[in-house]
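A.B. asks: Structure: run.txt, compact mmCIF, C-alpha atoms and all ligand atoms.
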# COMPACT_ATOMS: atom_id res chain seq x y z
CA MET A 259 33.56 0.30 -15.87
CA ASP A 260 32.44 -0.21 -12.30
CA GLU A 261 30.19 2.82 -12.36
CA PRO A 262 26.78 1.92 -10.92
CA ILE A 263 23.99 0.82 -13.22
CA VAL A 264 20.39 1.63 -12.32
CA VAL A 265 17.16 0.27 -13.79
CA GLY A 266 13.58 1.56 -13.66
CA ILE A 267 10.39 0.02 -15.03
CA ASP A 268 7.49 2.47 -15.38
CA ILE A 269 4.34 0.39 -15.78
CA GLY A 270 1.77 2.87 -17.05
CA THR A 271 -1.74 2.47 -18.39
CA THR A 272 -0.67 3.24 -21.95
CA LYS A 273 2.98 2.20 -22.06
CA VAL A 274 5.61 0.19 -20.21
CA CYS A 275 8.98 1.91 -20.20
CA THR A 276 12.12 0.13 -18.99
CA LEU A 277 15.23 2.29 -18.74
CA VAL A 278 18.81 1.31 -17.94
CA ALA A 279 21.29 4.04 -17.01
CA ARG A 280 24.88 4.28 -15.90
CA LEU A 281 25.74 6.79 -13.18
CA GLU A 282 28.90 8.33 -14.54
CA ALA A 283 31.13 10.26 -12.19
CA GLU A 284 31.71 13.10 -14.66
CA ALA A 285 28.77 13.25 -17.04
CA GLY A 286 26.04 12.18 -14.61
CA MET A 287 23.27 9.76 -15.55
CA ARG A 288 23.65 8.29 -19.04
CA ILE A 289 20.71 6.36 -20.51
CA LEU A 290 22.07 3.12 -22.00
CA GLY A 291 18.96 1.07 -22.61
CA VAL A 292 15.39 1.97 -23.54
CA GLY A 293 12.44 -0.41 -23.91
CA ILE A 294 9.12 1.28 -24.62
CA GLU A 295 6.15 -0.99 -25.36
CA PRO A 296 2.40 -0.40 -25.46
CA SER A 297 0.89 -1.46 -22.16
CA GLN A 298 -1.51 -4.35 -21.89
CA GLY A 299 -3.50 -5.79 -19.02
CA ILE A 300 -3.08 -2.61 -16.93
CA ARG A 301 -6.00 -0.34 -16.19
CA LYS A 302 -5.98 2.76 -13.99
CA GLY A 303 -2.60 1.74 -12.63
CA THR A 304 -3.53 -1.82 -11.63
CA VAL A 305 -3.14 -5.22 -13.26
CA VAL A 306 -6.36 -6.57 -14.75
CA ASP A 307 -4.82 -9.34 -16.88
CA VAL A 308 -1.67 -10.92 -15.44
CA LEU A 309 -0.64 -12.74 -18.61
CA ALA A 310 -1.05 -9.76 -20.93
CA ALA A 311 0.68 -7.42 -18.47
CA SER A 312 3.58 -9.87 -17.96
CA GLN A 313 4.07 -10.13 -21.70
CA ALA A 314 4.10 -6.37 -22.24
CA ILE A 315 6.55 -5.93 -19.35
CA SER A 316 8.72 -8.74 -20.68
CA ARG A 317 8.89 -7.19 -24.15
CA SER A 318 9.86 -3.84 -22.66
CA ILE A 319 12.59 -5.43 -20.48
CA GLU A 320 13.95 -7.42 -23.42
CA LYS A 321 14.19 -4.30 -25.55
CA ALA A 322 16.05 -2.43 -22.80
CA GLN A 323 18.41 -5.39 -22.40
CA ARG A 324 19.06 -5.49 -26.12
CA THR A 325 19.77 -1.78 -26.44
CA SER A 326 21.98 -1.65 -23.34
CA GLY A 327 23.69 -5.03 -23.79
CA LEU A 328 23.13 -5.64 -20.05
CA GLU A 329 21.13 -8.31 -18.30
CA ILE A 330 18.49 -6.92 -15.97
CA THR A 331 17.95 -8.81 -12.71
CA SER A 332 16.39 -6.14 -10.50
CA ALA A 333 14.71 -2.77 -10.89
CA LEU A 334 12.73 0.00 -9.26
CA VAL A 335 9.11 -0.19 -10.39
CA SER A 336 6.46 2.56 -10.50
CA LEU A 337 3.23 2.18 -8.57
CA ALA A 338 -0.08 4.01 -8.89
CA GLY A 339 -3.81 3.34 -8.66
CA SER A 340 -6.65 4.25 -6.37
CA HIS A 341 -5.68 1.39 -4.02
CA VAL A 342 -2.83 3.60 -2.78
CA SER A 343 -3.51 5.69 0.30
CA SER A 344 -1.47 7.69 2.75
CA VAL A 345 -1.52 8.74 6.36
CA ASN A 346 0.65 10.97 8.53
CA SER A 347 2.08 9.35 11.64
CA ARG A 348 4.29 10.48 14.50
CA GLY A 349 7.03 8.45 16.24
CA VAL A 350 8.44 9.32 19.67
CA VAL A 351 11.60 7.99 21.36
CA GLY A 352 13.71 8.86 24.39
CA ILE A 353 17.36 9.79 23.84
CA SER A 354 19.60 7.89 26.25
CA GLY A 355 22.96 9.41 25.45
CA GLY A 356 21.91 13.06 25.39
CA VAL A 357 23.02 13.66 21.80
CA VAL A 358 20.79 12.51 18.95
CA GLU A 359 22.45 9.92 16.73
CA GLU A 360 21.41 8.40 13.41
CA GLU A 361 20.27 5.30 15.26
CA ASP A 362 17.77 7.35 17.30
CA ILE A 363 16.20 8.63 14.10
CA TYR A 364 15.78 5.07 12.83
CA ARG A 365 14.12 4.11 16.12
CA ALA A 366 11.77 7.09 15.89
CA ILE A 367 10.86 6.21 12.31
CA ASP A 368 10.26 2.59 13.33
CA GLN A 369 7.89 3.89 16.00
CA ALA A 370 6.05 5.99 13.44
CA ARG A 371 5.62 3.05 11.07
CA ALA A 372 4.23 0.87 13.85
CA ILE A 373 0.73 2.17 13.19
CA ALA A 374 -2.15 -0.22 12.85
CA ILE A 375 -2.63 -0.87 9.17
CA PRO A 376 -5.11 -3.48 7.94
CA HIS A 377 -3.50 -6.87 7.26
CA ASN A 378 -4.26 -6.63 3.56
CA ARG A 379 -2.22 -3.45 3.09
CA GLU A 380 1.50 -3.04 2.56
CA ILE A 381 3.72 -0.07 3.47
CA ILE A 382 5.38 1.30 0.34
CA HIS A 383 7.10 4.45 1.64
CA VAL A 384 7.83 5.97 5.02
CA ILE A 385 8.87 9.57 4.44
CA GLN A 386 10.00 11.85 7.22
CA ARG A 387 8.61 15.37 7.28
CA GLY A 388 10.49 16.96 10.12
CA PHE A 389 11.47 16.56 13.77
CA ASN A 390 10.53 17.91 17.14
CA LEU A 391 13.16 17.77 19.89
CA ASP A 392 11.97 18.41 23.46
CA GLY A 393 9.03 20.39 22.14
CA GLN A 394 11.01 22.46 19.65
CA GLU A 395 9.22 22.17 16.30
CA GLY A 396 10.56 22.42 12.78
CA ILE A 397 13.96 20.77 13.21
CA ARG A 398 15.31 19.62 9.84
CA SER A 399 18.18 17.43 11.09
CA PRO A 400 18.49 16.65 14.80
CA ILE A 401 21.72 14.61 14.54
CA GLY A 402 24.28 16.00 16.98
CA MET A 403 21.72 18.06 18.94
CA TYR A 404 21.09 17.61 22.68
CA GLY A 405 17.69 16.51 23.91
CA TYR A 406 15.66 13.89 25.76
CA ARG A 407 12.62 13.32 23.62
CA LEU A 408 12.76 13.04 19.83
CA GLU A 409 9.61 13.07 17.72
CA VAL A 410 9.49 12.46 13.98
CA GLU A 411 6.59 13.33 11.68
CA THR A 412 6.24 10.85 8.84
CA HIS A 413 4.09 10.43 5.76
CA ILE A 414 3.29 6.75 5.29
CA ILE A 415 2.10 5.47 1.94
CA THR A 416 0.34 2.12 1.83
CA ALA A 417 -1.07 0.04 -0.99
CA ALA A 418 -3.35 -2.98 -1.33
CA GLU A 419 -1.11 -6.01 -0.79
CA ALA A 420 -2.80 -8.17 -3.42
CA THR A 421 -2.53 -5.46 -6.08
CA VAL A 422 1.15 -4.89 -5.30
CA GLU A 423 1.77 -8.64 -5.32
CA ASN A 424 0.14 -9.01 -8.75
CA LEU A 425 2.39 -6.32 -10.15
CA ARG A 426 5.44 -7.95 -8.55
CA GLN A 427 4.49 -11.30 -10.11
CA CYS A 428 4.21 -9.69 -13.55
CA VAL A 429 7.75 -8.30 -13.24
CA GLN A 430 9.15 -11.50 -11.71
CA ALA A 431 7.80 -13.47 -14.66
CA SER A 432 10.71 -11.90 -16.58
CA ASN A 433 13.14 -13.01 -13.83
CA VAL A 434 13.49 -9.46 -12.60
CA GLU A 435 13.28 -8.72 -8.88
CA VAL A 436 11.44 -5.59 -7.74
CA SER A 437 13.97 -3.92 -5.45
CA GLN A 438 11.44 -1.27 -4.54
CA PHE A 439 8.13 0.18 -5.66
CA VAL A 440 8.07 3.95 -6.02
CA LEU A 441 4.81 5.88 -6.06
CA ASN A 442 4.38 7.59 -9.47
CA PRO A 443 4.21 11.23 -8.30
CA LEU A 444 7.28 10.80 -6.09
CA ALA A 445 9.26 9.55 -9.10
CA SER A 446 7.99 12.37 -11.36
CA ALA A 447 8.78 14.96 -8.68
CA GLU A 448 12.47 14.03 -8.80
CA VAL A 449 12.50 15.12 -12.43
CA VAL A 450 10.26 18.15 -12.61
CA LEU A 451 10.54 20.00 -9.29
CA ASP A 452 13.38 22.28 -8.38
CA LYS A 453 14.62 22.77 -4.86
CA THR A 454 13.16 26.27 -4.45
CA GLU A 455 9.69 25.05 -5.38
CA ARG A 456 9.94 22.14 -2.95
CA ASP A 457 11.00 24.44 -0.15
CA MET A 458 8.35 27.07 -0.87
CA GLY A 459 5.45 24.63 -1.22
CA VAL A 460 4.32 23.08 -4.50
CA VAL A 461 2.01 20.41 -5.93
CA VAL A 462 3.37 18.05 -8.56
CA CYS A 463 0.70 16.52 -10.77
CA ASP A 464 1.31 13.78 -13.37
CA ILE A 465 -1.70 13.22 -15.63
CA GLY A 466 -1.15 10.01 -17.58
CA GLY A 467 -3.54 7.77 -19.48
CA GLY A 468 -5.37 6.11 -16.60
CA THR A 469 -4.32 7.96 -13.47
CA THR A 470 -3.68 11.46 -12.16
CA ASP A 471 -0.96 11.34 -9.53
CA MET A 472 -0.36 14.18 -7.10
CA ALA A 473 2.12 14.97 -4.35
CA ILE A 474 2.43 18.06 -2.17
CA TYR A 475 5.94 19.20 -1.19
CA ILE A 476 6.43 21.71 1.62
CA ASN A 477 9.69 22.66 3.35
CA GLY A 478 11.54 20.34 0.99
CA ASP A 479 9.58 17.18 1.88
CA VAL A 480 6.50 15.23 0.83
CA TRP A 481 3.52 16.18 2.99
CA HIS A 482 0.67 14.63 1.06
CA THR A 483 0.11 12.22 -1.84
CA MET A 484 -2.89 11.08 -3.83
CA VAL A 485 -3.70 9.01 -6.90
CA LEU A 486 -6.95 9.67 -8.81
CA ALA A 487 -8.25 7.03 -11.21
CA VAL A 488 -8.85 9.47 -14.09
CA GLY A 489 -6.54 10.41 -16.93
CA GLY A 490 -6.22 11.11 -20.64
CA ASN A 491 -8.02 7.89 -21.60
CA HIS A 492 -11.20 9.30 -20.09
CA ILE A 493 -10.96 12.32 -22.37
CA THR A 494 -10.55 9.95 -25.33
CA GLN A 495 -13.55 7.92 -24.16
CA ASP A 496 -15.69 11.08 -23.88
CA ILE A 497 -14.71 12.10 -27.41
CA SER A 498 -15.45 8.60 -28.69
CA VAL A 499 -18.95 8.67 -27.19
CA GLY A 500 -19.62 12.36 -27.92
CA LEU A 501 -18.64 12.25 -31.59
CA ARG A 502 -19.58 8.58 -32.14
CA VAL A 503 -16.14 7.61 -33.42
CA SER A 504 -13.88 4.64 -32.60
CA PRO A 505 -11.53 5.00 -29.60
CA GLU A 506 -8.55 5.00 -32.01
CA THR A 507 -10.05 7.85 -34.05
CA ALA A 508 -10.95 9.71 -30.84
CA GLU A 509 -7.33 9.45 -29.63
CA GLN A 510 -6.04 10.78 -32.92
CA ILE A 511 -8.61 13.62 -32.97
CA LYS A 512 -7.68 14.56 -29.40
CA LYS A 513 -4.00 14.82 -30.26
CA GLN A 514 -4.52 16.60 -33.57
CA TYR A 515 -7.39 19.01 -32.86
CA GLY A 516 -7.88 18.90 -29.09
CA TYR A 517 -7.95 22.06 -26.99
CA ALA A 518 -8.88 22.48 -23.35
CA ILE A 519 -10.75 25.81 -23.48
CA ARG A 520 -13.87 25.99 -25.63
CA ASP A 521 -14.21 29.77 -25.79
CA GLU A 522 -10.77 30.21 -27.30
CA ILE A 523 -11.71 28.31 -30.47
CA ALA A 524 -13.25 30.19 -33.42
CA GLU A 525 -16.87 29.29 -34.29
CA ASP A 526 -16.00 28.30 -37.86
CA ASP A 527 -12.93 26.15 -37.05
CA CYS A 528 -13.90 22.64 -38.27
CA PHE A 529 -12.37 19.27 -39.17
CA THR A 530 -13.76 16.16 -40.85
CA THR A 531 -13.87 12.61 -39.54
CA ARG A 532 -15.70 9.34 -40.01
CA ALA A 533 -18.44 8.62 -37.47
CA TYR A 534 -20.33 5.37 -36.79
CA GLY A 535 -23.48 5.04 -38.87
CA GLU A 536 -22.49 7.78 -41.34
CA GLU A 537 -21.65 6.90 -44.91
CA GLN A 538 -19.87 10.15 -45.63
CA PRO A 539 -17.23 11.88 -43.51
CA ILE A 540 -18.84 14.37 -41.14
CA GLN A 541 -17.76 17.89 -40.24
CA VAL A 542 -17.12 18.59 -36.56
CA ARG A 543 -16.63 22.04 -35.03
CA ARG A 544 -13.41 22.17 -32.98
CA ARG A 545 -15.39 24.22 -30.49
CA ASP A 546 -17.66 21.23 -29.81
CA LEU A 547 -14.62 18.99 -29.39
CA ALA A 548 -13.08 21.49 -26.96
CA HIS A 549 -16.38 21.58 -25.09
CA ILE A 550 -16.17 17.79 -24.46
CA ILE A 551 -12.51 18.02 -23.43
CA GLU A 552 -12.98 21.06 -21.21
CA ALA A 553 -15.73 19.37 -19.19
CA ARG A 554 -13.52 16.38 -18.32
CA VAL A 555 -10.33 18.33 -17.69
CA GLU A 556 -12.14 20.88 -15.55
CA GLU A 557 -13.70 18.08 -13.49
CA THR A 558 -10.28 16.49 -12.97
CA PHE A 559 -8.81 19.75 -11.65
CA GLN A 560 -11.89 20.30 -9.46
CA LEU A 561 -11.20 16.89 -7.89
CA LEU A 562 -7.55 17.82 -7.41
CA LEU A 563 -8.55 21.13 -5.83
CA GLN A 564 -10.90 19.33 -3.45
CA GLU A 565 -8.09 16.99 -2.46
CA ILE A 566 -5.62 19.85 -1.96
CA LYS A 567 -8.19 21.61 0.27
CA ARG A 568 -8.89 18.42 2.18
CA SER A 569 -5.18 18.03 2.90
CA GLY A 570 -5.34 21.40 4.68
CA TYR A 571 -2.20 22.64 2.88
CA ASP A 572 -3.94 24.81 0.29
CA GLY A 573 -2.61 28.01 1.82
CA LEU A 574 0.98 26.75 1.83
CA LEU A 575 1.60 26.39 -1.90
CA PRO A 576 3.02 29.66 -3.27
CA ALA A 577 4.88 27.83 -6.07
CA GLY A 578 1.53 26.48 -7.32
CA MET A 579 1.36 23.36 -9.47
CA VAL A 580 3.91 21.70 -11.74
CA LEU A 581 2.08 19.69 -14.36
CA THR A 582 3.55 16.72 -16.25
CA GLY A 583 2.52 13.32 -17.73
CA GLY A 584 1.36 12.67 -21.31
CA THR A 585 -1.94 14.55 -20.92
CA SER A 586 -0.11 17.75 -19.94
CA GLN A 587 0.62 18.07 -23.70
CA LEU A 588 -3.02 18.91 -24.34
CA PRO A 589 -3.00 22.50 -25.66
CA GLY A 590 -4.76 24.92 -23.31
CA ILE A 591 -4.50 22.68 -20.23
CA ARG A 592 -2.16 25.03 -18.36
CA PRO A 593 -4.43 28.12 -18.34
CA LEU A 594 -7.47 25.95 -17.59
CA ALA A 595 -5.69 24.35 -14.60
CA SER A 596 -4.59 27.74 -13.37
CA ARG A 597 -8.17 29.11 -13.63
CA VAL A 598 -9.75 26.17 -11.74
CA LEU A 599 -7.07 25.89 -9.06
CA GLY A 600 -6.49 29.62 -8.61
CA MET A 601 -2.73 29.12 -8.50
CA PRO A 602 0.22 29.42 -10.89
CA VAL A 603 0.74 26.34 -13.07
CA ARG A 604 3.85 25.43 -15.04
CA LEU A 605 4.38 22.55 -17.50
CA ALA A 606 7.45 20.36 -17.08
CA ARG A 607 9.21 17.41 -18.70
CA PRO A 608 12.56 15.62 -18.36
CA GLU A 609 15.44 17.78 -19.55
CA ASN A 610 19.23 17.67 -19.81
CA LEU A 611 19.33 13.93 -20.40
CA ILE A 612 22.31 12.22 -21.95
CA GLY A 613 22.57 8.96 -23.87
CA LEU A 614 19.66 7.35 -25.71
CA VAL A 615 17.22 10.13 -25.06
CA ASP A 616 15.37 10.73 -28.33
CA GLN A 617 11.86 9.85 -27.16
CA LEU A 618 12.39 10.48 -23.48
CA GLN A 619 12.28 14.27 -23.40
CA SER A 620 8.48 14.22 -23.28
CA PRO A 621 6.28 14.70 -20.19
CA SER A 622 5.10 11.08 -20.65
CA TYR A 623 8.50 9.93 -19.34
CA SER A 624 8.79 12.01 -16.17
CA THR A 625 7.95 8.98 -14.00
CA SER A 626 10.28 6.69 -15.99
CA ILE A 627 13.28 9.03 -15.62
CA GLY A 628 12.24 9.75 -12.03
CA LEU A 629 12.68 6.07 -11.13
CA LEU A 630 16.31 6.30 -12.26
CA LYS A 631 16.77 9.44 -10.15
CA TRP A 632 15.38 7.58 -7.15
CA ALA A 633 17.75 4.71 -7.78
CA GLU A 634 20.57 7.23 -8.08
CA LEU A 635 19.71 8.93 -4.81
CA MET A 636 19.38 5.65 -2.99
CA ASP A 637 22.53 4.14 -4.42
CA ASP A 638 24.46 7.25 -3.52
CA ASN A 639 23.76 6.36 0.04
CA LEU A 640 24.63 2.72 -0.21
CA GLY A 641 28.34 3.53 -0.04
CA PRO A 642 30.88 1.38 -1.82
CA ALA A 643 28.49 -1.33 -3.02
CA PRO A 644 26.24 0.69 -5.26
CA THR A 645 25.30 -2.04 -7.70
CA ARG A 646 23.08 -3.67 -5.12
CA ARG A 647 20.03 -3.01 -7.21
CA GLY A 648 21.79 -2.65 -10.53
CA PRO A 649 21.17 -5.12 -13.33
CA ARG A 650 23.93 -7.46 -12.21
CA GLY A 651 23.35 -6.99 -8.51
CA PRO A 652 22.30 -9.78 -6.17
CA LYS A 653 18.69 -10.80 -6.32
CA ASN A 654 17.98 -10.49 -2.60
CA PRO A 655 15.06 -8.21 -1.95
CA LEU A 656 15.69 -5.36 0.44
CA PRO A 657 15.01 -5.96 4.14
CA SER A 658 11.53 -5.09 5.32
CA VAL A 659 12.75 -1.92 7.03
CA ASN A 660 13.82 0.11 4.08
CA TRP A 661 16.97 1.81 5.36
CA PRO A 662 18.28 2.91 1.97
CA GLU A 663 15.09 4.86 1.41
CA ILE A 664 15.10 6.33 4.87
CA LYS A 665 18.76 7.21 4.42
CA LYS A 666 17.90 8.89 1.19
CA TRP A 667 15.50 11.21 2.94
CA LEU A 668 17.91 11.78 5.77
CA THR A 669 20.58 12.72 3.30
CA ARG A 670 18.24 15.03 1.50
CA LEU A 671 17.89 17.01 4.67
CA LEU A 672 21.65 17.26 5.11
CA PRO A 673 23.85 17.82 2.04
CA TYR A 674 21.05 18.20 -0.47
CA ASP A 675 21.74 21.92 -0.95
CA GLU A 676 24.98 21.21 -2.67
CA GLU A 677 23.96 21.21 -6.29
N1 LIG A 701 -0.70 15.91 -27.57
C1 LIG A 701 -1.48 15.33 -26.69
N2 LIG A 701 -2.65 15.91 -26.33
C2 LIG A 701 -3.45 15.34 -25.44
N3 LIG A 701 -3.21 14.18 -24.83
C3 LIG A 701 -2.06 13.55 -25.13
C4 LIG A 701 -1.14 14.09 -26.07
N4 LIG A 701 -0.09 13.22 -26.15
C5 LIG A 701 -0.35 12.20 -25.32
N5 LIG A 701 -1.52 12.39 -24.70
C6 LIG A 701 -2.20 11.50 -23.74
O1 LIG A 701 -1.32 11.13 -22.71
C7 LIG A 701 -1.75 9.89 -22.15
C8 LIG A 701 -0.54 9.02 -21.89
O2 LIG A 701 0.26 9.64 -20.94
P1 LIG A 701 1.40 8.84 -20.16
O3 LIG A 701 2.34 8.23 -21.12
O4 LIG A 701 1.95 9.78 -19.16
O5 LIG A 701 0.50 7.71 -19.47
P2 LIG A 701 0.90 6.38 -18.71
O6 LIG A 701 2.12 6.62 -17.91
O7 LIG A 701 0.95 5.25 -19.67
O8 LIG A 701 -0.37 6.16 -17.81
P3 LIG A 701 -0.60 6.24 -16.21
O9 LIG A 701 0.55 6.96 -15.62
O10 LIG A 701 -1.88 7.00 -16.08
O11 LIG A 701 -0.76 4.84 -15.77
C9 LIG A 701 -2.72 9.28 -23.14
O12 LIG A 701 -4.04 9.35 -22.62
C10 LIG A 701 -2.58 10.17 -24.37
O13 LIG A 701 -3.79 10.28 -25.07
MG MG A 702 2.53 7.30 -15.97
Please lay out the structure from this file as structure tokens.
Ligand SMILES: Nc1ncnc2c1ncn2[C@@H]1O[C@H](COP(=O)(O)OP(=O)(O)OP(=O)(O)O)[C@@H](O)[C@H]1O
Ligand SMILES: [Mg+2]

C.D. replies:
Amino acid sequence: MDEPIVVGIDIGTTKVCTLVARLEAEAGMRILGVGIEPSQGIRKGTVVDVLAASQAISRSIEKAQRTSGLEITSALVSLAGSHVSSVNSRGVVGISGGVVEEEDIYRAIDQARAIAIPHNREIIHVIQRGFNLDGQEGIRSPIGMYGYRLEVETHIITAAEATVENLRQCVQASNVEVSQFVLNPLASAEVVLDKTERDMGVVVCDIGGGTTDMAIYINGDVWHTMVLAVGGNHITQDISVGLRVSPETAEQIKKQYGYAIRDEIAEDDCFTTRAYGEEQPIQVRRRDLAHIIEARVEETFQLLLQEIKRSGYDGLLPAGMVLTGGTSQLPGIRPLASRVLGMPVRLARPENLIGLVDQLQSPSYSTSIGLLKWAELMDDNLGPAPTRRGPRGPKNPLPSVNWPEIKKWLTRLLPYDEE
């Protein structure tokens, strides 16, 4: 029973989801513990009430401990919010021995991360995007090659230190150490993207309750990331205001009658509901509801399109967009997204899970399962001591230079083709 155990805590705007899984040699990842609790004190991906958030996280952790029978001491934790930003940076080093070794890559990455970032920001990820050896561009893995000057292109993701620290405190209140934060779209991407899409060029987009998280993958690697502070809750809010109903009723109406394209709903298609200030239930045309929803969803995809264009990679995405997150369940969202973005769009959710998976095969849990996949990828590269960040692993936080993560990306460029 010494197979590695991995733990992820997805702290979303609507739910906190703690998952415990065992990495089994034969079967793969088996979910052993699940703790899903309504979120509190979290808005648009950031903590707005430390006590309420800590309690919700604690309940979710306790549930996962109870179902798995394991004590959780450390976990990977999801991160989102508009305080996250990213920048591309280049690191250059000289090669003394002629042949590039792993150590040279680490030095180059260290160079790239030595950019001036404001003192109140914290580096969350340093992701390599490719190498240049003596002027030769587009090298995927330079180890073993001859050269004098090695350059690495990296994508560096930073977050507001205080916001990250607040989230860490909320998790630590349950005596659980955050072994690493993982940006939401990078976790989701591990679940919903396939290798061909990543290589061709694709955007992954996770629309949750409070945030819309996006990452662009080209040539197998992350080239751009972004978190927008809009999500499904904004649609609910619009419905609540537009129809003058309570937020709870609006949420239920959205899920039961919602549609993203107004013109596809028949004129006479109606439902009844109770509105503020009305004694009797009122009749609402589904077309009017779809009109409210369409405006918000269209605006969200316009913002995403703007961001994709601003990144400069809009011409490099033949695989289009892969859409996930709870809001991707809104009927009609796929064709609307495709129309606004002018690219193919596919819906995706976690699949082929084993263990306690009943609720998890929904697009709402792409990030949650993605955290486990990250832990799996990282632990794979930690060699014979894989429980380092498992539930019974030591509590030491990782060193400030995050070698396991860097190794993960290095490994992806080498034997990743295998499966
Ligand atoms: N059938 C449905 N139609 C439309 N929206 C839906 C449906 N089911 C769920 N949603 C919406 O999905 C959202 C929740 O998604 P998800 O669980 O991915 O969010 P989260 O992870 O808690 O939030 P975030 O990632 O934004 O912090 C809610 O706004 C909910 O209304
Ligand atoms: Mg989410």

A.B. asks: Using all atoms listed in the file, which of the listed residues (A:Val440, A:Met458, A:Leu599, A:Ala418) sits closest to ligand MG 702 (chain A)?

C.D. replies: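 Nearest to ligand MG 702 (chain A): A:Val440.
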
A.B. asks: Any residue with an atom at most 6 Å from ligand LIG 701 (chain A) counts, using all atoms listed in the file. Which are they? Put them as a VMD selection string.

C.D. replies: chain A and resid 270 to 273 302 to 303 466 to 469 489 to 491 509 512 to 513 583 to 585 587 to 588 622

A.B. asks: Which residues are near Gly356 in chain A? Cut-off 10 Å, all atoms listed in the file, ignore same chain within fewer than 5 positions. Put them as number ranges by chain.

C.D. replies: A: 402-407

A.B. asks: Residues near Ile375 in chain A, anyone? I mean within 12 Å using all atoms listed in the file, not counting same-chain ones fewer than 3 positions away, as a ChimeraX atom specification.

C.D. replies: /A:343-345,347,370-372,378-381,414-419

A.B. asks: When you count all atoms listed in the file, which of these residues is closest to Ala314 in chain A: A:Thr558, A:Gln510, A:Ser297, A:Ser569?

C.D. replies: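 Checking each candidate against Ala314 in chain A, we get A:Ser297 as the closest.
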
A.B. asks: Quick one: of A:Gln394, A:Gln438, A:Ser586, A:Ser626, who's nearest to ligand MG 702 (chain A), counting all atoms listed in the file?

C.D. replies: A:Ser626

A.B. asks: Tell me which of A:Thr304, A:Gln514, A:Gln313, A:Thr454 sits closest to ligand MG 702 (chain A), counting all atoms listed in the file.

C.D. replies: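 Selected residue with least distance to ligand MG 702 (chain A): A:Thr304.
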
A.B. asks: To one decimal place in Å, what is the distance between CA of Val350 in chain A and CA of Glu409 in chain A?

C.D. replies: 4.4 Å

A.B. asks: Pick the closest to Glu609 in chain A from A:Ser316, A:Thr412, A:Ser624, A:Thr483: which is it, counting only C-alpha atoms?

C.D. replies: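 Closest to Glu609 in chain A of all the choices is A:Ser624.
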
A.B. asks: Figure out the distance between CA of Val410 in chain A and CA of Ser354 in chain A, please, to one decimal in Å.

C.D. replies: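 Rounded to one decimal, the two atoms are 16.5 Å apart.
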
A.B. asks: Restricting the calculation to only C-alpha atoms and all ligand atoms: of A:Gly339, A:Pro376, A:Gly355, A:Gly299, which residue gets closest to ligand MG 702 (chain A)?

C.D. replies: A:Gly339

A.B. asks: In Å, how far is it from CA of Ala524 in chain A to CA of Leu501 in chain A?

C.D. replies: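 The value is 18.8 Å.
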
A.B. asks: Write out as a PDB file with C-alpha atoms, in the frame of the given file the residues lying within 12 Å of Glu506 in chain A, counting all atoms listed in the file and excluding same-chain residues fewer than 2 positions away.

C.D. replies:
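Output file around.pdb follows:
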ATOM      1  CA  ASN A 491      -8.020   7.890 -21.600  1.00  0.00           C
ATOM      2  CA  THR A 494     -10.550   9.950 -25.330  1.00  0.00           C
ATOM      3  CA  GLN A 495     -13.550   7.920 -24.160  1.00  0.00           C
ATOM      4  CA  ILE A 497     -14.710  12.100 -27.410  1.00  0.00           C
ATOM      5  CA  SER A 498     -15.450   8.600 -28.690  1.00  0.00           C
ATOM      6  CA  ARG A 502     -19.580   8.580 -32.140  1.00  0.00           C
ATOM      7  CA  VAL A 503     -16.140   7.610 -33.420  1.00  0.00           C
ATOM      8  CA  SER A 504     -13.880   4.640 -32.600  1.00  0.00           C
ATOM      9  CA  ALA A 508     -10.950   9.710 -30.840  1.00  0.00           C
ATOM     10  CA  GLU A 509      -7.330   9.450 -29.630  1.00  0.00           C
ATOM     11  CA  GLN A 510      -6.040  10.780 -32.920  1.00  0.00           C
ATOM     12  CA  ILE A 511      -8.610  13.620 -32.970  1.00  0.00           C
ATOM     13  CA  LYS A 512      -7.680  14.560 -29.400  1.00  0.00           C
ATOM     14  CA  LYS A 513      -4.000  14.820 -30.260  1.00  0.00           C
ATOM     15  CA  THR A 531     -13.870  12.610 -39.540  1.00  0.00           C
ATOM     16  CA  ARG A 532     -15.700   9.340 -40.010  1.00  0.00           C
ATOM     17  CA  ALA A 533     -18.440   8.620 -37.470  1.00  0.00           C
TER      18      ALA A 533
END

A.B. asks: Every residue with an atom at most 6 Å from (7.1, -7.7, -12.4) (file coordinates; all atoms listed in the file) is what I'm after, so could you write them as a ChimeraX atom specification?

C.D. replies: /A:425-430

A.B. asks: Any idea what's packed within 10 Å of Gly600 in chain A, counting only C-alpha atoms, ignoring anything in its chain fewer than 4 positions away? Could you give it as a PyMOL selection string?

C.D. replies: chain A and resi 563+578+594-596

A.B. asks: I want to know what sits within 10 Å of Arg597 in chain A, based on only C-alpha atoms, with residues of the same chain fewer than 6 positions away left out; could you give that as a ChimeraX atom specification?

C.D. replies: /A:556,559,591,603

A.B. asks: Would you put the residues from that selection into a file with C-alpha atoms, as a CSV table (one decimal), in the frame of the given file?

C.D. replies:
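Here's the written file out_29.csv:
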chain,number,residue,atom,x,y,z
A,556,GLU,CA,-12.1,20.9,-15.6
A,559,PHE,CA,-8.8,19.8,-11.6
A,591,ILE,CA,-4.5,22.7,-20.2
A,603,VAL,CA,0.7,26.3,-13.1

A.B. asks: Per residue of range 467-541 of chain A within 12 Å of range 579-582 of chain A, what are the shortest atom pair and its distance in Å to one decimal, counting all atoms listed in the file, with rows by chain and residue number, as a Markdown table?

C.D. replies:
| residue | atom | partner | partner_atom | distance |
| --- | --- | --- | --- | --- |
| A:Gly467 | CA | A:Thr582 | CA | 11.9 |
| A:Thr470 | CA | A:Thr582 | CA | 9.8 |
| A:Asp471 | CA | A:Thr582 | CA | 9.7 |
| A:Met472 | CA | A:Leu581 | CA | 9.4 |
| A:Ala473 | CA | A:Met579 | CA | 9.9 |
| A:Ile474 | CA | A:Met579 | CA | 9.1 |
| A:Tyr475 | CA | A:Met579 | CA | 10.3 |
| A:Gly489 | CA | A:Thr582 | CA | 11.9 |
